[in-house]
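Below is one structure, written out as structure tokens, with a few remarks after it.
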Amino acid sequence: MHNEASIHFHYDGKSESAKQASDSNLPILPNGSQLLTQYEEFDSLQSIQYLKAEMVEAEKSELFQEIIQRMIESLKHKARLKGADALTGLEQKITPLRLPSQYQVTLQLTLLRKVKTKT
């Protein structure tokens with residue numbers, strides 16, 4: 001048994017569309033972006049999902065891409081609840097598990113808050 005948390009996705013069409021609208025506006029800034037000077041780091045989030053895939057090229061599969069997108073949206077939602085204005089440092093790690101068809105997918109993001117300018 002693993003000690004890490006696993007994300008499970010459950011959708012009920014009513015509340016999901018409103019949540020996605022606000023969370024999808026949360027930008028993920030690339031490392032080294034000039035825009036990063038407008039923000040300060042204040043926290044980080046991690047998401048872990050387990051994937052069972054029969055192919056070695058699991059990262060290119062449509063299922064894998066859908067899982068990554070859902071994990072990102074879940075992280076965006078949690079970041080918004082923590083007060084983030086933007087995100088950066090998206091790291092993705094795929095770790096093969098004991099069985100050749102099982103993988104652990106880990107995403108990590110840094111939460112950013114707008115720097116308050118003195119007036």
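Convention: chains lettered A, B, ... in structure tokens order; per-chain residue numbering from 1; ligands numbered from 1 as shown.
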If we count only C-alpha atoms and set the cut-off at 12 Å, which residues sit around Leu99 (chain A), ignoring sequence neighbours fewer than 5 positions away in its own chain? Please answer as a list of chain:residue names.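 Residues meeting the cut-off are A:Leu51, A:Lys52, A:Ala53, A:Glu54, A:Gln104.
Nearest residue to Tyr103 (chain A) among A:Ala79, A:Ile48, A:Met71, A:Phe42 is A:Ile48, counting only C-alpha atoms.
Pairwise distance (CA of Leu29 (chain A), CA of Thr88 (chain A)) equals 4.9 Å.
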Which neighbours of Arg113 (chain A) fall inside 10 Å, counting only C-alpha atoms, when residues of the same chain fewer than 3 positions from it are skipped, and could you give them as a list in words?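 Within the cut-off, the hits are Leu36, Gln38, Tyr39, Glu40, Glu41, Phe42, Asp43, Lys82, Gly83, Ala84, Asp85, Ala86, Leu87 and Lys116 of chain A.
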Saved selection, atoms kept: C-alpha atoms, as a PDB file, in the first residue's frame:
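Listed below is the output, result.pdb:
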```
ATOM      1  CA  LEU A  36       7.720  36.159 -12.853  1.00  0.00           C
ATOM      2  CA  GLN A  38       5.504  40.532 -10.822  1.00  0.00           C
ATOM      3  CA  TYR A  39       4.942  37.580  -8.466  1.00  0.00           C
ATOM      4  CA  GLU A  40       6.333  35.999  -5.331  1.00  0.00           C
ATOM      5  CA  GLU A  41       6.398  32.275  -4.534  1.00  0.00           C
ATOM      6  CA  PHE A  42       4.394  31.294  -1.480  1.00  0.00           C
ATOM      7  CA  ASP A  43       3.637  27.570  -1.658  1.00  0.00           C
ATOM      8  CA  LYS A  82      -5.041  28.858  -1.531  1.00  0.00           C
ATOM      9  CA  GLY A  83      -5.082  32.341  -3.074  1.00  0.00           C
ATOM     10  CA  ALA A  84      -2.693  31.861  -6.002  1.00  0.00           C
ATOM     11  CA  ASP A  85      -2.725  34.396  -8.839  1.00  0.00           C
ATOM     12  CA  ALA A  86      -0.480  32.304 -11.105  1.00  0.00           C
ATOM     13  CA  LEU A  87       1.597  29.116 -11.174  1.00  0.00           C
ATOM     14  CA  LYS A 116       1.976  44.349  -3.964  1.00  0.00           C
TER      15      LYS A 116
END
```
Would you work out the distance separating CA of Asn25 (chain A) from CA of Lys76 (chain A), expressed in Å to one decimal?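 A separation of 9.1 Å between them.
The smallest atom-to-atom distance between Leu97 (chain A) and any of A:Tyr50, A:Thr117, A:Leu112, A:Ile72, using only C-alpha atoms, is found for A:Tyr50.
The coordinates place CA of Ile94 (chain A) at 18.3 Å from CA of Glu73 (chain A).
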For Ile68 (chain A): contacts at 10 Å, only C-alpha atoms, fewer than 5 positions along chain excluded, given as number ranges by chain: A: 47, 49, 59, 62-63, 73-74, 92, 105-107
Could you write out that same residue set with C-alpha atoms as an mmCIF file, in the first residue's frame?
```
data_model
loop_
_atom_site.group_PDB
_atom_site.id
_atom_site.type_symbol
_atom_site.label_atom_id
_atom_site.label_comp_id
_atom_site.auth_asym_id
_atom_site.auth_seq_id
_atom_site.Cartn_x
_atom_site.Cartn_y
_atom_site.Cartn_z
ATOM 1 C CA SER A 47 -0.513 15.616 -7.336
ATOM 2 C CA GLN A 49 -1.958 9.590 -10.000
ATOM 3 C CA GLU A 59 3.305 9.370 -22.259
ATOM 4 C CA GLU A 62 -4.528 10.047 -25.337
ATOM 5 C CA LEU A 63 -5.433 8.587 -21.932
ATOM 6 C CA GLU A 73 -7.005 21.393 -13.557
ATOM 7 C CA SER A 74 -7.250 19.843 -10.083
ATOM 8 C CA GLN A 92 6.141 16.109 -14.454
ATOM 9 C CA VAL A 105 2.533 10.107 -12.510
ATOM 10 C CA THR A 106 3.593 13.052 -10.336
ATOM 11 C CA LEU A 107 2.961 16.734 -11.076
#
```
